[in-house]
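Comments concern the structure below.
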There are 2 protein chains.
Amino acid sequence: MKTQRAKPSGSAVALTGTATVRSIDSYASTAFPVSDGDMEVIFATHGVAMRARRRQRLVMGSKRSDVIYLLKTGLLVLSAIGSGDRRQLLAILYPGDVFSMALVPPIDGVSVVAMTDCELVRLRPSALDDSPRELRELDAFMVQRTAELHARSILHIARLASLSSESRVAAFILELALRTGQVSNDTVACDLPLSRSDIADYLSLNADTLSRIMTRLKSRGAVATVGRSRAIVKSVKRLSKEVPICAATLALHGQAAASG
Amino acid sequence: MKTQRAKPSGSAVALTGTATVRSIDSYASTAFPVSDGDMEVIFATHGVAMRARRRQRLVMGSKRSDVIYLLKTGLLVLSAIGSGDRRQLLAILYPGDVFSMALVPPIDGVSVVAMTDCELVRLRPSALDDSPRELRELDAFMVQRTAELHARSILHIARLASLSSESRVAAFILELALRTGQVSNDTVACDLPLSRSDIADYLSLNADTLSRIMTRLKSRGAVATVGRSRAIVKSVKRLSKEVPICAATLALHGQAAASG
DNA sequence: GTCGGTTCTTGATGCGCGTCAAGGCCCAGC
DNA sequence: GCTGGGCCTTGACGCGCATCAAGAACCGAC
């Protein structure tokens, strides 16, 4: 029997449930890409370390609670089930990103899902009420990080709106590779923690169409794949030339990857 | 002779040039929708009032300067010229919104353009270095406002990705009407400061298609128009029922309009 | 008022992508 | 090894939107 692309890929059961809480100190020494060194201390001291497994859905507390989360390792996506049936991925979160309910519109069925095993820190800003200095630093940190998230969302809008679907896919792989992959010369390789359907939902494409596009990109030599879950961008330069917005991707994600 | 939709609508000349600087006190008494009352004082005291004319392009300083702008009245759009030719509008800014270069990805040809005559305030956070309290308040304010902008951008992504073009147009008019229009019962009316091409560029549609859709919406009775630049949403309830995301639009923009 | 330019509308046509359907690939379980 | 069930790929086909083109409505200048 053929299952033909079950709704949210069948593993709905595994998705529910809250993330497991671990002891803090296991993360206290981990480096993560936060500009201000003090920030690491603040999160380690006042935050609660958490861990999420692949495909696990993170319960983000109630509506407008003030809880914020910091992603230390792994990959998260913001997903929504458009009332009908079609799922869509609205944003991708990389290590170093923060997120909270305030950043998300009140759409039905939005949630944050782990695409890989993740380590994160939950922080309640009110826990810092005693030390104004730390609170101030946190605010400054949040301003900067939220602005970066916004710039990335705007970039994503630009990609969705102005790029052909083929360029969209190429730009997506480039972004992921710059963030999570290994750079060597002009070539970048990375794992694809998102399935084909996930990628399609993120780029607002059909999974079938995405598959066709991947085939086209491969046959043209723009990207290569190793197995199903690993991709290689052959020439970043050439890609940036073909797809102008990729320059912005490089600027936004390249430096983040370099510093992280 | 037929001009047939000239590139950025011909008025490119009028677009260039910096916004005119006016004296501050002419705005000092104006109410604007900022949650914290102190914020108004901070901007009035340390900021520089500016005014922009319809279709004027705002020069936002160099790359990563720390200047922030607060929109007091009018409507701004974030626009980008995709390297080819196609312009796109990436975001709409309403009174009470703040923006800075940090919120914008480094795409070629991005700029902020006034869709109506606008009043705004330019503020350099470093001007507040002397008063830590105000600096702290500004940070907190920025966190909140940037988060709201992000939520709106995400909502826009959701609309672009999941809605039929007809629903997209309806949702757009609803948003604009809730923000800038007059509500009475279940009906909302508003001016359309954006031309058809502008709207099309924002919704990533073709201007011709948009025109067809408007005709369809009118003949179906969902919206009505008065002249070319005024629209009326006949029944907000019915629209919210047909287009699920409109509920989120109501939540995000309805309350802002109510408080503003 | 008339005129010129812009913006909007509407028609005909073609292509891209979504959809449906059938198979192939890959991996886990036994 | 084999088998079954997700995933992924690939084909056929239809609809929706972009494109091109022409004309209508609107608006300001004079």
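FYI, nothing fancy with the structure tokens labels: chains A, B, ... in order, residues from 1 per chain, ligands from 1 as they appear.
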
Show which residues sit within 12 Å of D:DT19, as number ranges by chain. Count only C-alpha atoms (C1' of nucleotides), and ignore same-chain residues fewer than 2 positions away.
-> B: 206-209; C: 12-15; D: 17, 21

Tell me which protein, DNA and RNA residues are within 9 Å of D:DT9, counting only C-alpha atoms (C1' of nucleotides), leaving out same-chain ones fewer than 6 positions away, and put them as a ChimeraX atom specification.
-> /A:208,211-212,215 /C:23-25

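With distances taken over only C-alpha atoms, A:Met142 is the one residue among A:Ile42, A:Val112, A:Ile173, A:Met142 lying closest to chain B.
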
Taking only stretch 20-237 of chain A into account, list the residues labelled strand (DSSP E) by DSSP (computed from the backbone), as a compact mmCIF listing (two decimals) with C-alpha atoms, in the first residue's frame.
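Saved result, out30.txt, follows:
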```txt
# COMPACT_ATOMS: atom_id res chain seq x y z
CA THR A 20 13.15 17.34 28.68
CA VAL A 21 14.77 19.46 31.35
CA VAL A 48 17.07 26.43 32.53
CA ALA A 49 18.79 24.13 30.09
CA MET A 50 16.54 22.03 27.91
CA ARG A 51 16.94 19.41 25.29
CA ALA A 52 14.67 18.53 22.40
CA ARG A 57 7.39 19.93 19.18
CA LEU A 58 8.30 22.57 21.73
CA ILE A 68 12.41 33.51 25.94
CA TYR A 69 14.42 30.65 24.52
CA LEU A 70 17.97 30.57 23.30
CA LEU A 71 18.99 27.87 20.85
CA LYS A 72 22.48 26.59 21.57
CA THR A 73 22.83 23.71 19.15
CA LEU A 76 14.46 24.55 14.91
CA VAL A 77 11.67 25.58 12.58
CA LEU A 78 8.61 27.68 13.15
CA SER A 79 5.74 25.81 11.62
CA ALA A 80 2.06 26.45 11.10
CA ILE A 81 -0.78 24.29 9.92
CA ARG A 87 1.63 22.77 6.65
CA GLN A 88 4.11 25.55 6.19
CA LEU A 89 7.46 26.35 7.71
CA LEU A 90 7.69 30.05 8.39
CA ALA A 91 11.21 30.43 9.69
CA ILE A 92 14.34 28.50 10.51
CA LEU A 93 16.21 29.05 13.74
CA VAL A 98 16.48 33.57 20.48
CA PHE A 99 12.73 33.28 20.17
CA SER A 100 9.61 33.92 22.16
CA VAL A 110 1.89 27.55 15.07
CA SER A 111 4.56 25.73 16.95
CA VAL A 112 8.30 25.32 17.07
CA VAL A 113 9.61 21.94 15.99
CA ALA A 114 13.10 20.53 16.35
CA CYS A 118 18.64 20.48 20.06
CA GLU A 119 20.07 22.05 23.16
CA LEU A 120 18.41 25.21 24.35
CA VAL A 121 18.05 27.46 27.35
CA ARG A 122 14.80 28.79 28.68
CA LEU A 123 14.98 32.15 30.41
CA GLN A 182 31.57 22.84 6.03
CA VAL A 183 33.18 25.44 3.80
CA SER A 184 36.22 24.63 1.71
CA THR A 187 32.43 24.67 -2.19
CA VAL A 188 30.08 24.19 0.75
CA ALA A 189 28.65 20.91 2.00
CA CYS A 190 25.99 20.34 4.61
CA ASP A 191 23.49 17.89 5.97
CA VAL A 223 24.47 21.32 -6.47
CA ALA A 224 25.22 17.68 -5.76
CA THR A 225 23.77 15.30 -3.22
CA ARG A 230 23.43 15.71 2.32
CA ALA A 231 23.92 18.48 -0.21
CA ILE A 232 26.92 20.20 -1.74
CA VAL A 233 26.97 23.60 -3.34
```

Run DSSP on the backbone and give me the residues of stretch 118-228 of chain A it puts in alpha helix (DSSP H), as JSON, numbers by chain.
-> {"A": [132, 133, 134, 135, 136, 137, 138, 139, 140, 141, 142, 143, 144, 145, 146, 147, 148, 149, 150, 151, 152, 153, 154, 155, 156, 157, 158, 159, 160, 161, 162, 165, 166, 167, 168, 169, 170, 171, 172, 173, 174, 175, 176, 177, 178, 179, 180, 196, 197, 198, 199, 200, 201, 202, 207, 208, 209, 210, 211, 212, 213, 214, 215, 216, 217, 218, 219, 220]}

Writer output for current selection, C-alpha atoms, as a PDB file, in the first residue's frame:
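The result, written out as out_13.pdb:
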```
ATOM      1  CA  PRO A 132      19.420  45.847  36.481  1.00  0.00           C
ATOM      2  CA  ARG A 133      22.757  45.596  34.760  1.00  0.00           C
ATOM      3  CA  GLU A 134      22.058  42.101  33.507  1.00  0.00           C
ATOM      4  CA  LEU A 135      18.536  43.041  32.533  1.00  0.00           C
ATOM      5  CA  ARG A 136      19.905  45.906  30.497  1.00  0.00           C
ATOM      6  CA  GLU A 137      22.386  43.655  28.779  1.00  0.00           C
ATOM      7  CA  LEU A 138      19.686  41.166  28.017  1.00  0.00           C
ATOM      8  CA  ASP A 139      17.543  43.880  26.474  1.00  0.00           C
ATOM      9  CA  ALA A 140      20.395  45.086  24.304  1.00  0.00           C
ATOM     10  CA  PHE A 141      21.056  41.501  23.305  1.00  0.00           C
ATOM     11  CA  MET A 142      17.412  40.925  22.445  1.00  0.00           C
ATOM     12  CA  VAL A 143      17.264  44.099  20.359  1.00  0.00           C
ATOM     13  CA  GLN A 144      20.171  42.921  18.288  1.00  0.00           C
ATOM     14  CA  ARG A 145      19.004  39.341  17.878  1.00  0.00           C
ATOM     15  CA  THR A 146      15.428  40.205  17.110  1.00  0.00           C
ATOM     16  CA  ALA A 147      16.590  42.674  14.504  1.00  0.00           C
ATOM     17  CA  GLU A 148      18.661  39.953  12.888  1.00  0.00           C
ATOM     18  CA  LEU A 149      15.704  37.576  12.866  1.00  0.00           C
ATOM     19  CA  HIS A 150      13.627  40.288  11.258  1.00  0.00           C
ATOM     20  CA  ALA A 151      16.220  40.931   8.585  1.00  0.00           C
ATOM     21  CA  ARG A 152      16.237  37.222   7.828  1.00  0.00           C
ATOM     22  CA  SER A 153      12.453  37.063   7.585  1.00  0.00           C
ATOM     23  CA  ILE A 154      12.496  40.014   5.215  1.00  0.00           C
ATOM     24  CA  LEU A 155      15.141  38.290   3.162  1.00  0.00           C
ATOM     25  CA  HIS A 156      12.961  35.227   3.041  1.00  0.00           C
ATOM     26  CA  ILE A 157      10.054  37.307   1.802  1.00  0.00           C
ATOM     27  CA  ALA A 158      12.291  38.720  -0.892  1.00  0.00           C
ATOM     28  CA  ARG A 159      13.313  35.231  -1.927  1.00  0.00           C
ATOM     29  CA  LEU A 160       9.770  33.923  -2.001  1.00  0.00           C
ATOM     30  CA  ALA A 161       8.550  36.893  -3.954  1.00  0.00           C
ATOM     31  CA  SER A 162      11.246  37.507  -6.497  1.00  0.00           C
ATOM     32  CA  SER A 165      11.518  28.274  -7.702  1.00  0.00           C
ATOM     33  CA  GLU A 166      14.814  26.908  -8.901  1.00  0.00           C
ATOM     34  CA  SER A 167      16.744  29.878  -7.530  1.00  0.00           C
ATOM     35  CA  ARG A 168      14.758  29.644  -4.332  1.00  0.00           C
ATOM     36  CA  VAL A 169      15.913  26.103  -3.754  1.00  0.00           C
ATOM     37  CA  ALA A 170      19.498  26.974  -4.572  1.00  0.00           C
ATOM     38  CA  ALA A 171      19.414  29.947  -2.224  1.00  0.00           C
ATOM     39  CA  PHE A 172      17.961  27.813   0.523  1.00  0.00           C
ATOM     40  CA  ILE A 173      20.648  25.180   0.245  1.00  0.00           C
ATOM     41  CA  LEU A 174      23.270  27.882   0.229  1.00  0.00           C
ATOM     42  CA  GLU A 175      21.889  29.410   3.400  1.00  0.00           C
ATOM     43  CA  LEU A 176      21.749  26.099   5.185  1.00  0.00           C
ATOM     44  CA  ALA A 177      25.211  25.197   4.033  1.00  0.00           C
ATOM     45  CA  LEU A 178      26.670  28.509   5.151  1.00  0.00           C
ATOM     46  CA  ARG A 179      25.058  28.117   8.542  1.00  0.00           C
ATOM     47  CA  THR A 180      25.512  24.487   9.331  1.00  0.00           C
ATOM     48  CA  ARG A 196      12.026  17.183   0.902  1.00  0.00           C
ATOM     49  CA  SER A 197       8.522  17.958   2.119  1.00  0.00           C
ATOM     50  CA  ASP A 198       9.915  20.218   4.827  1.00  0.00           C
ATOM     51  CA  ILE A 199      11.967  22.153   2.336  1.00  0.00           C
ATOM     52  CA  ALA A 200       9.010  22.417   0.010  1.00  0.00           C
ATOM     53  CA  ASP A 201       6.832  23.729   2.835  1.00  0.00           C
ATOM     54  CA  TYR A 202       9.455  26.308   3.674  1.00  0.00           C
ATOM     55  CA  ALA A 207       7.157  18.399  -2.818  1.00  0.00           C
ATOM     56  CA  ASP A 208       6.905  16.940  -6.309  1.00  0.00           C
ATOM     57  CA  THR A 209       8.023  20.161  -7.884  1.00  0.00           C
ATOM     58  CA  LEU A 210      10.879  20.410  -5.411  1.00  0.00           C
ATOM     59  CA  SER A 211      12.049  16.968  -6.375  1.00  0.00           C
ATOM     60  CA  ARG A 212      12.024  17.942 -10.026  1.00  0.00           C
ATOM     61  CA  ILE A 213      13.969  21.100  -9.264  1.00  0.00           C
ATOM     62  CA  MET A 214      16.571  19.197  -7.275  1.00  0.00           C
ATOM     63  CA  THR A 215      17.034  16.878 -10.210  1.00  0.00           C
ATOM     64  CA  ARG A 216      17.446  19.849 -12.521  1.00  0.00           C
ATOM     65  CA  LEU A 217      19.970  21.521 -10.213  1.00  0.00           C
ATOM     66  CA  LYS A 218      21.942  18.317  -9.976  1.00  0.00           C
ATOM     67  CA  SER A 219      21.957  17.642 -13.685  1.00  0.00           C
ATOM     68  CA  ARG A 220      23.077  21.203 -14.270  1.00  0.00           C
TER      69      ARG A 220
END
```

Can you pull out every residue within 10 Å of B:Ser126, counting only C-alpha atoms (C1' of nucleotides), but drop anything in the same chain fewer than 2 positions away, and send it as a VMD selection string?
-> chain B and resid 46 66 to 67 123 to 124 128 to 130 135

Save out the residues we just selected, N, CA and C atoms, as a PDB file, in the first residue's frame.
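Result saved to part-v3.pdb:
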```pdb
ATOM      1  N   HIS B  46      15.200  63.900  22.485  1.00  0.00           N
ATOM      2  CA  HIS B  46      16.501  63.577  21.911  1.00  0.00           C
ATOM      3  C   HIS B  46      16.463  63.392  20.400  1.00  0.00           C
ATOM      4  N   ASP B  66      23.714  53.465  13.777  1.00  0.00           N
ATOM      5  CA  ASP B  66      22.797  53.108  14.854  1.00  0.00           C
ATOM      6  C   ASP B  66      21.558  54.004  14.879  1.00  0.00           C
ATOM      7  N   VAL B  67      21.316  54.709  13.785  1.00  0.00           N
ATOM      8  CA  VAL B  67      20.162  55.609  13.765  1.00  0.00           C
ATOM      9  C   VAL B  67      18.867  54.809  13.714  1.00  0.00           C
ATOM     10  N   LEU B 123      16.283  59.258  15.657  1.00  0.00           N
ATOM     11  CA  LEU B 123      16.921  59.226  16.976  1.00  0.00           C
ATOM     12  C   LEU B 123      18.212  58.432  16.905  1.00  0.00           C
ATOM     13  N   ARG B 124      19.236  58.984  17.546  1.00  0.00           N
ATOM     14  CA  ARG B 124      20.507  58.274  17.626  1.00  0.00           C
ATOM     15  C   ARG B 124      20.646  57.806  19.069  1.00  0.00           C
ATOM     16  N   LEU B 128      21.479  59.174  24.068  1.00  0.00           N
ATOM     17  CA  LEU B 128      20.923  58.922  25.400  1.00  0.00           C
ATOM     18  C   LEU B 128      21.967  58.372  26.366  1.00  0.00           C
ATOM     19  N   ASP B 129      23.200  58.362  25.938  1.00  0.00           N
ATOM     20  CA  ASP B 129      24.241  57.744  26.755  1.00  0.00           C
ATOM     21  C   ASP B 129      24.315  58.336  28.154  1.00  0.00           C
ATOM     22  N   ASP B 130      23.917  59.582  28.269  1.00  0.00           N
ATOM     23  CA  ASP B 130      24.028  60.232  29.570  1.00  0.00           C
ATOM     24  C   ASP B 130      22.994  59.717  30.566  1.00  0.00           C
ATOM     25  N   LEU B 135      17.925  55.118  28.294  1.00  0.00           N
ATOM     26  CA  LEU B 135      18.504  54.144  27.378  1.00  0.00           C
ATOM     27  C   LEU B 135      17.862  52.777  27.594  1.00  0.00           C
TER      28      LEU B 135
END
```

With a cut-off of 12 Å and counting only C-alpha atoms (C1' of nucleotides), select all residues of chain C in contact with chain A and give the selection as a PyMOL selection string.
-> chain C and resi 16-23+25-27

At most 12 Å to chain B: residues in chain D, only C-alpha atoms (C1' of nucleotides), as a list of chain:residue names | D:DG16, D:DC17, D:DA18, D:DT19, D:DC20, D:DA21, D:DA22, D:DG23, D:DA25, D:DC26, D:DC27

Which residues, written as a ChimeraX atom specification, have at least one atom at most 12 Å from D:DA29, with only C-alpha atoms (C1' of nucleotides) counted and residues fewer than 2 positions away on the same chain left out?
-> /C:2-5 /D:27

Let's have the selection written as a PDB file, in the first residue's frame, with C-alpha atoms (C1' of nucleotides).
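So result_8.pdb came out as:
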```
ATOM      1  C1'  DT C   2      -9.059  70.143 -24.135  1.00  0.00           C
ATOM      2  C1'  DC C   3      -4.949  67.586 -24.072  1.00  0.00           C
ATOM      3  C1'  DG C   4      -1.029  64.427 -22.469  1.00  0.00           C
ATOM      4  C1'  DG C   5       0.409  61.248 -19.413  1.00  0.00           C
TER       5       DG C   5
ATOM      6  C1'  DC D  27      -5.956  63.419 -13.233  1.00  0.00           C
TER       7       DC D  27
END
```
